[in-house]
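K.L.:
File name model20.cif; file contents mmCIF, C-alpha atoms; full text below.
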data_query
#
loop_
_atom_site.label_atom_id
_atom_site.label_comp_id
_atom_site.auth_asym_id
_atom_site.auth_seq_id
_atom_site.Cartn_x
_atom_site.Cartn_y
_atom_site.Cartn_z
CA MET A 1 -2.93 46.64 54.67
CA SER A 2 -5.36 45.22 57.26
CA GLU A 3 -6.06 48.72 58.61
CA THR A 4 -7.02 49.92 55.12
CA SER A 5 -9.19 46.85 54.67
CA ASN A 6 -10.90 47.45 58.01
CA ASN A 7 -11.55 51.09 57.12
CA GLY A 8 -13.02 49.99 53.80
CA ASN A 9 -15.23 47.41 55.51
CA ALA A 10 -16.38 49.98 58.06
CA LEU A 11 -17.31 52.42 55.29
CA THR A 12 -19.16 49.67 53.41
CA ARG A 13 -21.09 48.70 56.55
CA PHE A 14 -21.99 52.34 57.19
CA LEU A 15 -23.23 52.84 53.64
CA GLN A 16 -25.30 49.68 53.84
CA ALA A 17 -26.78 50.53 57.22
CA SER A 18 -27.57 54.12 56.22
CA GLU A 19 -28.90 53.03 52.79
CA ILE A 20 -26.82 55.75 51.11
CA ASP A 21 -26.46 55.21 47.37
CA VAL A 22 -22.84 54.27 46.68
CA ARG A 23 -22.92 56.12 43.37
CA MET A 24 -24.18 59.30 45.04
CA PHE A 25 -21.56 59.00 47.77
CA ALA A 26 -18.86 58.67 45.10
CA MET A 27 -20.18 61.74 43.27
CA VAL A 28 -20.11 63.82 46.45
CA ALA A 29 -16.53 62.71 47.06
CA ILE A 30 -15.59 63.58 43.46
CA LEU A 31 -17.21 67.00 43.78
CA ALA A 32 -15.28 67.69 46.99
CA ILE A 33 -12.01 66.71 45.32
CA VAL A 34 -12.79 68.87 42.26
CA TRP A 35 -13.52 71.87 44.48
CA LEU A 36 -10.31 71.44 46.48
CA VAL A 37 -8.18 71.06 43.35
CA LEU A 38 -9.80 74.08 41.67
CA SER A 39 -9.37 76.13 44.83
CA PHE A 40 -5.66 75.28 44.87
CA LEU A 41 -5.21 76.04 41.16
CA THR A 42 -7.03 79.39 41.44
CA ASP A 43 -5.24 80.50 44.64
CA GLY A 44 -8.42 80.14 46.69
CA ILE A 45 -10.64 82.25 44.40
CA PHE A 46 -12.88 79.31 43.51
CA LEU A 47 -14.13 78.77 47.07
CA THR A 48 -14.85 82.44 47.81
CA ALA A 49 -18.44 83.38 48.67
CA ARG A 50 -18.71 85.48 45.52
CA ASN A 51 -17.72 82.66 43.19
CA LEU A 52 -19.87 80.06 44.96
CA TYR A 53 -22.84 82.42 44.67
CA ASN A 54 -22.22 82.77 40.94
CA LEU A 55 -21.69 79.02 40.62
CA ALA A 56 -25.05 78.37 42.29
CA VAL A 57 -26.81 80.69 39.83
CA GLN A 58 -24.95 79.20 36.84
CA SER A 59 -25.90 75.67 37.87
CA SER A 60 -29.59 76.52 38.15
CA VAL A 61 -30.41 76.66 34.42
CA VAL A 62 -28.59 73.42 33.54
CA GLY A 63 -29.90 71.74 36.70
CA ILE A 64 -33.54 72.59 35.96
CA MET A 65 -33.39 71.12 32.45
CA ALA A 66 -31.31 68.14 33.61
CA THR A 67 -34.15 67.02 35.90
CA GLY A 68 -36.38 66.68 32.84
CA MET A 69 -33.63 65.03 30.80
CA VAL A 70 -33.49 62.29 33.43
CA LEU A 71 -37.05 61.22 32.59
CA VAL A 72 -36.36 61.47 28.85
CA ILE A 73 -33.28 59.23 29.03
CA VAL A 74 -34.81 56.84 31.57
CA ALA A 75 -37.60 56.22 29.04
CA ARG A 76 -34.93 55.34 26.43
CA HIS A 77 -35.23 58.58 24.47
CA ILE A 78 -33.03 61.65 24.02
CA ASP A 79 -33.77 65.35 23.55
CA LEU A 80 -31.21 67.27 21.52
CA SER A 81 -33.42 70.34 21.19
CA VAL A 82 -33.51 71.63 24.78
CA GLY A 83 -31.03 74.44 24.15
CA SER A 84 -32.88 75.64 21.07
CA VAL A 85 -36.27 75.38 22.79
CA MET A 86 -34.93 77.43 25.68
CA GLY A 87 -33.58 80.03 23.25
CA PHE A 88 -36.85 80.22 21.29
CA THR A 89 -39.12 80.51 24.34
CA GLY A 90 -36.73 83.06 25.85
CA MET A 91 -36.86 85.19 22.71
CA VAL A 92 -40.67 85.07 22.70
CA ILE A 93 -40.76 86.16 26.36
CA ALA A 94 -38.32 89.02 25.70
CA TRP A 95 -40.17 90.10 22.55
CA LEU A 96 -43.50 90.22 24.41
CA GLN A 97 -41.98 92.38 27.14
CA VAL A 98 -40.05 94.76 24.88
CA ASP A 99 -41.65 94.86 21.41
CA VAL A 100 -45.33 94.82 22.39
CA PHE A 101 -46.53 97.56 20.06
CA PRO A 102 -47.31 95.40 17.01
CA LEU A 103 -49.88 93.54 19.15
CA GLY A 104 -51.35 96.69 20.64
CA VAL A 105 -51.34 95.05 24.07
CA VAL A 106 -49.36 95.82 27.20
CA TRP A 107 -48.03 92.50 28.47
CA ASN A 108 -46.95 92.36 32.09
CA TRP A 109 -44.12 90.05 33.12
CA PRO A 110 -46.20 87.30 34.82
CA THR A 111 -48.22 86.94 31.62
CA THR A 112 -45.09 86.62 29.50
CA ILE A 113 -43.80 83.90 31.83
CA LEU A 114 -47.03 81.92 31.49
CA ILE A 115 -46.93 82.28 27.72
CA GLY A 116 -43.28 81.18 27.57
CA VAL A 117 -43.86 78.11 29.75
CA ALA A 118 -47.05 77.24 27.83
CA LEU A 119 -45.12 77.55 24.57
CA GLY A 120 -42.56 75.09 25.92
CA ALA A 121 -45.38 72.66 26.74
CA VAL A 122 -46.83 72.99 23.22
CA ILE A 123 -43.40 72.26 21.73
CA GLY A 124 -43.25 69.19 23.98
CA VAL A 125 -46.60 68.00 22.62
CA TRP A 126 -45.35 68.53 19.06
CA GLN A 127 -42.15 66.54 19.54
CA GLY A 128 -43.78 63.88 21.70
CA TYR A 129 -46.45 63.31 19.06
CA TRP A 130 -43.92 62.46 16.36
CA VAL A 131 -42.00 60.16 18.73
CA ALA A 132 -45.01 58.39 20.23
CA TYR A 133 -47.63 58.29 17.50
CA ARG A 134 -45.51 58.36 14.35
CA ALA A 135 -42.71 56.12 15.69
CA ILE A 136 -39.93 58.46 14.58
CA PRO A 137 -36.83 58.06 16.80
CA ALA A 138 -36.49 60.83 19.37
CA PHE A 139 -32.94 61.45 18.16
CA VAL A 140 -34.25 62.44 14.71
CA VAL A 141 -37.26 64.40 15.98
CA THR A 142 -35.28 66.46 18.47
CA LEU A 143 -32.38 66.94 16.06
CA GLY A 144 -34.92 68.50 13.73
CA GLY A 145 -36.22 70.51 16.70
CA LEU A 146 -32.70 71.73 17.43
CA LEU A 147 -32.51 73.22 13.94
CA MET A 148 -36.10 74.47 13.72
CA PHE A 149 -36.29 76.23 17.05
CA ARG A 150 -32.81 77.71 16.73
CA GLY A 151 -33.95 79.25 13.47
CA ALA A 152 -37.26 80.30 15.04
CA ALA A 153 -35.38 82.09 17.81
CA PHE A 154 -33.67 84.17 15.13
CA LEU A 155 -36.90 84.84 13.25
CA VAL A 156 -38.76 86.19 16.29
CA THR A 157 -36.91 89.51 16.04
CA ASP A 158 -34.90 89.00 12.83
CA GLY A 159 -31.79 88.40 14.89
CA ARG A 160 -32.08 91.54 17.03
CA THR A 161 -31.26 91.43 20.72
CA VAL A 162 -34.22 92.88 22.62
CA ALA A 163 -33.75 94.67 25.97
CA PRO A 164 -34.25 95.77 28.69
CA MET A 165 -36.57 93.44 30.57
CA ASP A 166 -39.07 94.43 33.25
CA PRO A 167 -37.21 95.50 36.46
CA THR A 168 -39.21 93.10 38.64
CA TYR A 169 -38.70 90.29 36.15
CA GLN A 170 -34.93 90.84 36.31
CA LEU A 171 -34.94 89.71 39.95
CA LEU A 172 -35.62 86.15 38.77
CA GLY A 173 -32.15 86.06 37.24
CA GLY A 174 -30.29 86.44 40.53
CA GLY A 175 -28.71 89.82 39.79
CA ILE A 176 -27.81 92.53 42.31
CA ASP A 177 -31.22 92.44 43.97
CA GLY A 178 -32.17 88.95 42.81
CA SER A 179 -31.85 87.27 46.19
CA ILE A 180 -33.88 87.05 49.39
CA GLY A 181 -31.45 88.61 51.89
CA ALA A 182 -29.95 87.29 55.11
CA THR A 183 -33.09 87.09 57.26
CA TRP A 184 -35.23 85.18 54.80
CA SER A 185 -32.28 82.94 53.95
CA TRP A 186 -32.06 81.88 57.59
CA VAL A 187 -35.83 81.37 57.68
CA PHE A 188 -35.52 79.18 54.60
CA GLY A 189 -32.66 77.22 56.19
CA ILE A 190 -34.58 76.60 59.43
CA VAL A 191 -37.68 75.49 57.52
CA ALA A 192 -35.58 73.19 55.34
CA ILE A 193 -33.99 71.54 58.39
CA ALA A 194 -37.43 71.12 59.98
CA LEU A 195 -38.77 69.49 56.82
CA VAL A 196 -35.81 67.10 56.66
CA ALA A 197 -36.39 66.15 60.31
CA LEU A 198 -40.12 65.66 59.67
CA GLN A 199 -39.43 63.48 56.63
CA THR A 200 -36.93 61.42 58.63
CA TYR A 201 -39.48 60.88 61.41
CA ARG A 202 -42.32 60.00 59.02
CA SER A 203 -40.14 57.59 57.06
CA ARG A 204 -39.07 55.79 60.24
CA ALA A 205 -42.63 55.66 61.57
CA SER A 206 -43.88 54.24 58.27
CA ARG A 207 -41.21 51.53 58.28
CA ILE A 208 -42.08 50.54 61.84
CA LYS A 209 -45.81 50.50 61.03
CA HIS A 210 -45.31 48.15 58.08
CA ASN A 211 -42.70 45.99 59.85
CA PHE A 212 -39.89 47.03 57.53
CA PRO A 213 -36.28 47.13 58.78
CA THR A 214 -35.20 50.52 60.11
CA LYS A 215 -31.86 52.26 60.27
CA PRO A 216 -30.08 52.42 63.63
CA ILE A 217 -31.07 55.54 65.60
CA ALA A 218 -27.44 56.73 65.69
CA ILE A 219 -27.24 56.67 61.90
CA GLU A 220 -30.60 58.47 61.56
CA VAL A 221 -29.36 61.21 63.88
CA ALA A 222 -25.99 61.40 62.10
CA LEU A 223 -27.66 61.79 58.70
CA LEU A 224 -30.02 64.45 60.03
CA ALA A 225 -27.08 66.32 61.58
CA MET A 226 -25.20 66.09 58.27
CA TRP A 227 -28.12 67.63 56.38
CA ALA A 228 -28.44 70.38 59.00
CA VAL A 229 -24.74 71.21 58.73
CA LEU A 230 -24.91 71.35 54.93
CA ILE A 231 -27.96 73.61 54.96
CA VAL A 232 -26.47 75.96 57.54
CA ALA A 233 -23.16 76.08 55.64
CA PHE A 234 -25.00 76.91 52.42
CA VAL A 235 -26.89 79.77 54.07
CA ILE A 236 -23.71 81.14 55.66
CA VAL A 237 -21.87 81.13 52.31
CA MET A 238 -24.76 82.86 50.50
CA ASN A 239 -24.96 85.47 53.27
CA SER A 240 -21.21 86.06 53.08
CA TYR A 241 -21.48 87.64 49.64
CA TYR A 242 -22.41 91.31 49.94
CA LYS A 243 -24.06 93.70 47.54
CA PRO A 244 -21.60 96.07 45.78
CA ARG A 245 -20.07 98.74 48.01
CA THR A 246 -22.20 97.71 51.00
CA GLU A 247 -22.17 95.21 53.85
CA ILE A 248 -25.67 93.98 53.06
CA PRO A 249 -25.72 90.17 52.58
CA ARG A 250 -27.33 88.97 49.39
CA GLY A 251 -28.63 85.70 50.74
CA ILE A 252 -29.92 82.83 48.63
CA PRO A 253 -30.38 83.79 44.95
CA ILE A 254 -33.87 83.42 43.50
CA PRO A 255 -32.75 81.08 40.65
CA VAL A 256 -31.52 78.62 43.29
CA LEU A 257 -34.92 78.74 45.03
CA ILE A 258 -36.57 78.02 41.68
CA LEU A 259 -34.15 75.11 41.16
CA ILE A 260 -34.95 73.72 44.61
CA ALA A 261 -38.69 73.95 43.90
CA VAL A 262 -38.21 72.15 40.57
CA VAL A 263 -36.06 69.44 42.20
CA VAL A 264 -38.68 68.80 44.90
CA GLY A 265 -41.47 68.74 42.33
CA MET A 266 -39.63 66.46 39.90
CA THR A 267 -38.57 64.12 42.72
CA LEU A 268 -42.20 63.75 43.78
CA ILE A 269 -43.25 63.21 40.17
CA SER A 270 -40.63 60.51 39.62
CA LYS A 271 -41.09 58.67 42.92
CA VAL A 272 -44.68 59.21 44.05
CA THR A 273 -46.91 59.68 41.02
CA ARG A 274 -48.23 56.99 38.69
CA PHE A 275 -46.67 58.87 35.76
CA GLY A 276 -43.20 58.59 37.31
CA ARG A 277 -43.59 54.86 37.90
CA TYR A 278 -44.74 54.43 34.30
CA VAL A 279 -41.65 56.23 32.99
CA PHE A 280 -39.28 53.92 34.87
CA ALA A 281 -41.31 50.86 33.89
CA MET A 282 -41.09 51.88 30.23
CA GLY A 283 -37.35 52.36 30.51
CA GLY A 284 -36.86 49.01 32.20
CA ASN A 285 -38.88 47.01 29.66
CA PRO A 286 -41.05 48.87 27.11
CA GLN A 287 -42.79 45.74 25.84
CA ALA A 288 -43.69 44.51 29.33
CA ALA A 289 -44.89 48.01 30.27
CA GLU A 290 -47.24 48.11 27.29
CA LEU A 291 -48.53 44.60 27.94
CA SER A 292 -49.23 45.53 31.58
CA GLY A 293 -51.67 48.22 30.45
CA ILE A 294 -49.50 51.34 30.51
CA ASP A 295 -50.41 53.89 27.83
CA VAL A 296 -46.87 54.15 26.51
CA LYS A 297 -47.71 56.68 23.79
CA LYS A 298 -49.49 59.11 26.12
CA THR A 299 -46.74 58.78 28.72
CA THR A 300 -44.09 59.49 26.06
CA VAL A 301 -45.88 62.68 25.03
CA MET A 302 -46.12 63.77 28.68
CA ILE A 303 -42.37 63.22 29.13
CA PHE A 304 -41.63 65.69 26.34
CA VAL A 305 -44.27 68.11 27.69
CA VAL A 306 -42.49 68.15 31.07
CA MET A 307 -39.17 68.71 29.28
CA GLY A 308 -40.66 71.62 27.33
CA ILE A 309 -42.07 73.24 30.47
CA LEU A 310 -38.68 73.03 32.16
CA CYS A 311 -37.05 74.62 29.10
CA GLY A 312 -39.51 77.50 29.47
CA ILE A 313 -38.61 77.93 33.14
CA ALA A 314 -34.89 77.89 32.27
CA ALA A 315 -35.58 80.53 29.60
CA VAL A 316 -37.17 82.79 32.22
CA ILE A 317 -34.07 82.65 34.42
CA THR A 318 -31.70 83.15 31.47
CA THR A 319 -33.48 86.19 30.01
CA ALA A 320 -33.89 87.73 33.47
CA ARG A 321 -30.20 87.23 34.20
CA LEU A 322 -29.09 88.67 30.86
CA ASN A 323 -31.72 91.42 31.05
CA ALA A 324 -32.25 90.74 27.35
CA GLY A 325 -33.35 88.23 24.79
CA ALA A 326 -30.63 87.08 22.38
CA ASN A 327 -31.11 84.45 19.67
CA SER A 328 -27.85 82.78 20.76
CA MET A 329 -29.30 81.85 24.16
CA GLY A 330 -29.02 78.15 24.91
CA LEU A 331 -26.46 77.48 22.18
CA LEU A 332 -24.94 74.02 22.89
CA THR A 333 -26.71 73.93 26.26
CA GLU A 334 -28.21 70.57 25.29
CA LEU A 335 -24.75 69.03 25.59
CA SER A 336 -24.32 70.29 29.16
CA VAL A 337 -27.81 69.09 30.10
CA ILE A 338 -27.31 65.61 28.68
CA ALA A 339 -23.84 65.41 30.24
CA ALA A 340 -25.21 66.44 33.64
CA ALA A 341 -27.84 63.69 33.53
CA VAL A 342 -25.33 61.04 32.41
CA ILE A 343 -22.65 62.09 34.91
CA GLY A 344 -25.38 61.97 37.55
CA GLY A 345 -25.90 58.26 36.91
CA THR A 346 -28.74 58.23 34.39
CA SER A 347 -28.18 55.18 32.20
CA LEU A 348 -28.33 55.71 28.44
CA ALA A 349 -29.77 52.18 28.25
CA GLY A 350 -32.84 53.44 30.10
CA GLY A 351 -34.60 52.47 33.31
CA VAL A 352 -32.07 54.00 35.74
CA GLY A 353 -31.66 57.60 36.87
CA SER A 354 -32.27 60.03 39.70
CA ILE A 355 -33.13 63.70 40.02
CA ALA A 356 -30.57 64.25 42.80
CA GLY A 357 -27.88 62.63 40.66
CA ALA A 358 -28.65 64.97 37.76
CA ILE A 359 -28.25 68.00 40.05
CA MET A 360 -24.92 66.68 41.26
CA GLY A 361 -23.89 66.17 37.65
CA ALA A 362 -24.91 69.75 36.79
CA VAL A 363 -22.90 71.13 39.72
CA ILE A 364 -19.84 69.09 38.74
CA MET A 365 -20.11 70.26 35.12
CA GLN A 366 -20.52 73.91 36.05
CA SER A 367 -17.76 73.69 38.65
CA LEU A 368 -15.31 72.48 36.02
CA GLU A 369 -16.46 75.17 33.58
CA ASN A 370 -16.32 77.90 36.23
CA GLY A 371 -12.92 76.82 37.53
CA MET A 372 -11.36 76.66 34.08
CA VAL A 373 -12.65 80.16 33.29
CA LEU A 374 -11.00 81.45 36.47
CA MET A 375 -7.78 79.73 35.41
CA GLY A 376 -7.90 81.38 31.99
CA VAL A 377 -8.28 78.10 30.07
CA SER A 378 -9.29 78.69 26.45
CA SER A 379 -12.80 77.83 25.25
CA ALA A 380 -11.46 75.11 22.95
CA MET A 381 -9.51 73.42 25.74
CA ARG A 382 -12.53 73.63 28.06
CA GLN A 383 -14.58 71.72 25.51
CA VAL A 384 -11.88 69.06 25.25
CA ILE A 385 -11.77 68.59 29.04
CA ILE A 386 -15.56 68.52 29.43
CA GLY A 387 -15.74 65.92 26.65
CA LEU A 388 -13.18 63.74 28.43
CA VAL A 389 -15.10 64.06 31.70
CA LEU A 390 -18.27 62.90 29.97
CA LEU A 391 -16.43 59.93 28.44
CA LEU A 392 -15.01 58.96 31.83
CA ALA A 393 -18.45 59.27 33.43
CA VAL A 394 -19.98 56.83 30.94
CA TRP A 395 -17.03 54.47 31.42
CA PHE A 396 -17.51 54.63 35.20
CA ASP A 397 -21.23 53.92 34.73
CA THR A 398 -20.39 50.84 32.66
CA LEU A 399 -17.95 49.56 35.28
CA TYR A 400 -20.42 50.23 38.10
CA LYS A 401 -23.20 48.26 36.40
CA SER A 402 -20.89 45.37 35.54
CA ARG A 403 -19.64 45.11 39.14
CA ARG A 404 -23.23 45.14 40.44
#
The structure given in the file should be rewritten as structure tokens.

P.N.:
Amino acid sequence: MSETSNNGNALTRFLQASEIDVRMFAMVAILAIVWLVLSFLTDGIFLTARNLYNLAVQSSVVGIMATGMVLVIVARHIDLSVGSVMGFTGMVIAWLQVDVFPLGVVWNWPTTILIGVALGAVIGVWQGYWVAYRAIPAFVVTLGGLLMFRGAAFLVTDGRTVAPMDPTYQLLGGGIDGSIGATWSWVFGIVAIALVALQTYRSRASRIKHNFPTKPIAIEVALLAMWAVLIVAFVIVMNSYYKPRTEIPRGIPIPVLILIAVVVGMTLISKVTRFGRYVFAMGGNPQAAELSGIDVKKTTVMIFVVMGILCGIAAVITTARLNAGANSMGLLTELSVIAAAVIGGTSLAGGVGSIAGAIMGAVIMQSLENGMVLMGVSSAMRQVIIGLVLLLAVWFDTLYKSRR
């Protein structure tokens, strides 16, 4: 009994000294347990390089939109339309690439991407306007958006699936050639480790300069070593999956690189920029935020603009991966996105949430989905299990906040 207590105290002291978020530590532990259980239930198939590669690609779309959903929920709103917006923008992108003759213009794939992302931003302005300036609850506005843009996705081509997409554009979906290969994957890994080391050094130097308490050197080194091991392991796994009928490593898939870029950008937006601070201030106390001079209405519109842009980016990856535009794209994806944000620790009461937590939530969600598919679980049962997981996640969040 005392040994268990001592181990618990040692872990608590380590977490406090290293300033690791207890919630994030618990999520990592849960993810590890889920992976081990799924590996056992699938006779080791789940943890193969091939499946982990596919899991990484599958998590990218939900993860990208979940980073935006964090800001939406933190500001005490909700967006039920993200799946429909992704489907609509994806159909427009596909239509521009395939059915260009009615316009008499040859659209190249970078132009269609810009148009799709810009369309997502315009939709964000539209929905944000009704929420911010007409005081209609976001639930109602985005529920209407869910219906409108799902119908609009059908109307773009009268329900036809349009294909194929531009060959270069298809690489963005992470298909056979949609990865950067072994050499560039190792270059990426080395650069990532160097950036983590640089950030660790700069953070410590800044704390010392401003007379803030610093972590013990041993813990700093241990955390840096942990990040290095994780990055190297990730690169090794991605390089262990070969192209069909060859021994050529695929390397890191392009959708994952896009996800990483989005995560870095959204983390900077949420933690460094004035806009990010405004969002969390609004979520913590909307009345106090407005009285302190924050333009709550403008900030609300910008939140939905960011969400729309991320839906456009997710649409690019989805259409490139499918090599087609189908009006069913994004169907019920909003549920996975919201669940990923909530499982990742974003409080539905507003004011609390993290980008890293949302990514962990997306990976947990997709891991469960992926594992159950490998096990042959029916679609209906998968929905039941995912629903229970979401319920348990909210219950855990309630317990966590009450204990704090």

K.L.:
Atom CA of A:Gln366 and atom CA of A:Gly128, how far apart in Å?

P.N.:
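Atom CA of A:Gln366 lies at a distance of 29.1 Å from atom CA of A:Gly128.
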
K.L.:
On this file, the PyMOL selection byres ((chain A and resi 396) around 12) gives some set of residues; write that set as number ranges by chain.

P.N.:
A: 23, 26-27, 342-347, 389-395, 397-403

K.L.:
Which one of A:Ile386, A:Leu155, A:Val373, A:Ile180 sits closest to A:Ile45 if you count all atoms listed in the file?

P.N.:
A:Val373

K.L.:
Near stretch 292-296 of chain A, within 10 Å and counting all atoms listed in the file, which residues show up once chain neighbours fewer than 2 positions away are dropped, as a PyMOL selection string?

P.N.:
chain A and resi 75+132-133+275+278-279+281-282+286-290+298-302

K.L.:
For this structure, which residues satisfy the selection - the PyMOL selection byres ((chain A and resi 179) around 10) - when it is evaluated on the file as given? I want them as a PyMOL selection string.

P.N.:
chain A and resi 171-178+180-182+184-185+238+249-257

K.L.:
Residues picked by the PyMOL selection byres ((chain A and resi 220-223) around 10) here, as an MDAnalysis selection string?

P.N.:
chainID A and resid 17:18 20 196:197 200:201 204 214:219 224:229

K.L.:
Just the number, please: distance in Å from atom CA of A:Ile258 to atom CA of A:Ala324, one decimal.

P.N.:
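Atom CA of A:Ala324 lies at a distance of 19.6 Å from atom CA of A:Ile258.
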
K.L.:
Pick out the residues sitting within 12 Å of A:Trp95, and hand them over as a PyMOL selection string; count only C-alpha atoms, and ignore anything fewer than 6 positions along from it in its own chain.

P.N.:
chain A and resi 88-89+101-103+106-109+112-113+115-116+153-166+319+324-327

K.L.:
Record the distance separating atom CA of A:Arg207 and atom CA of A:Gly357, expressed in Å with one decimal.

P.N.:
24.7 Å

K.L.:
Around the point (-43.7, 72.6, 21.8) in the file's coordinates, collect all residues with an atom within 12 Å, using only C-alpha atoms, and return them as number ranges by chain.

P.N.:
A: 81-82, 84-86, 88-89, 115-130, 141-142, 145-146, 148-149, 301-312

K.L.:
Restricting the calculation to all atoms listed in the file: of A:Ala320, A:Ile364, A:Ala32, A:Ala49, which residue gets closest to A:Val235?

P.N.:
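Among the listed residues, A:Ala49 lies closest to A:Val235.
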
K.L.:
Using only C-alpha atoms and a cutoff of 10 Å, can you tell me which residues are near (-29.3, 60.0, 17.9) in the file's coordinates, and write them out as a list in words?

P.N.:
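I get His77, Ile78, Asp79, Leu80, Pro137, Ala138, Phe139, Val140, Val141, Thr142 and Leu143 of chain A for the residues within 10 Å of that point.
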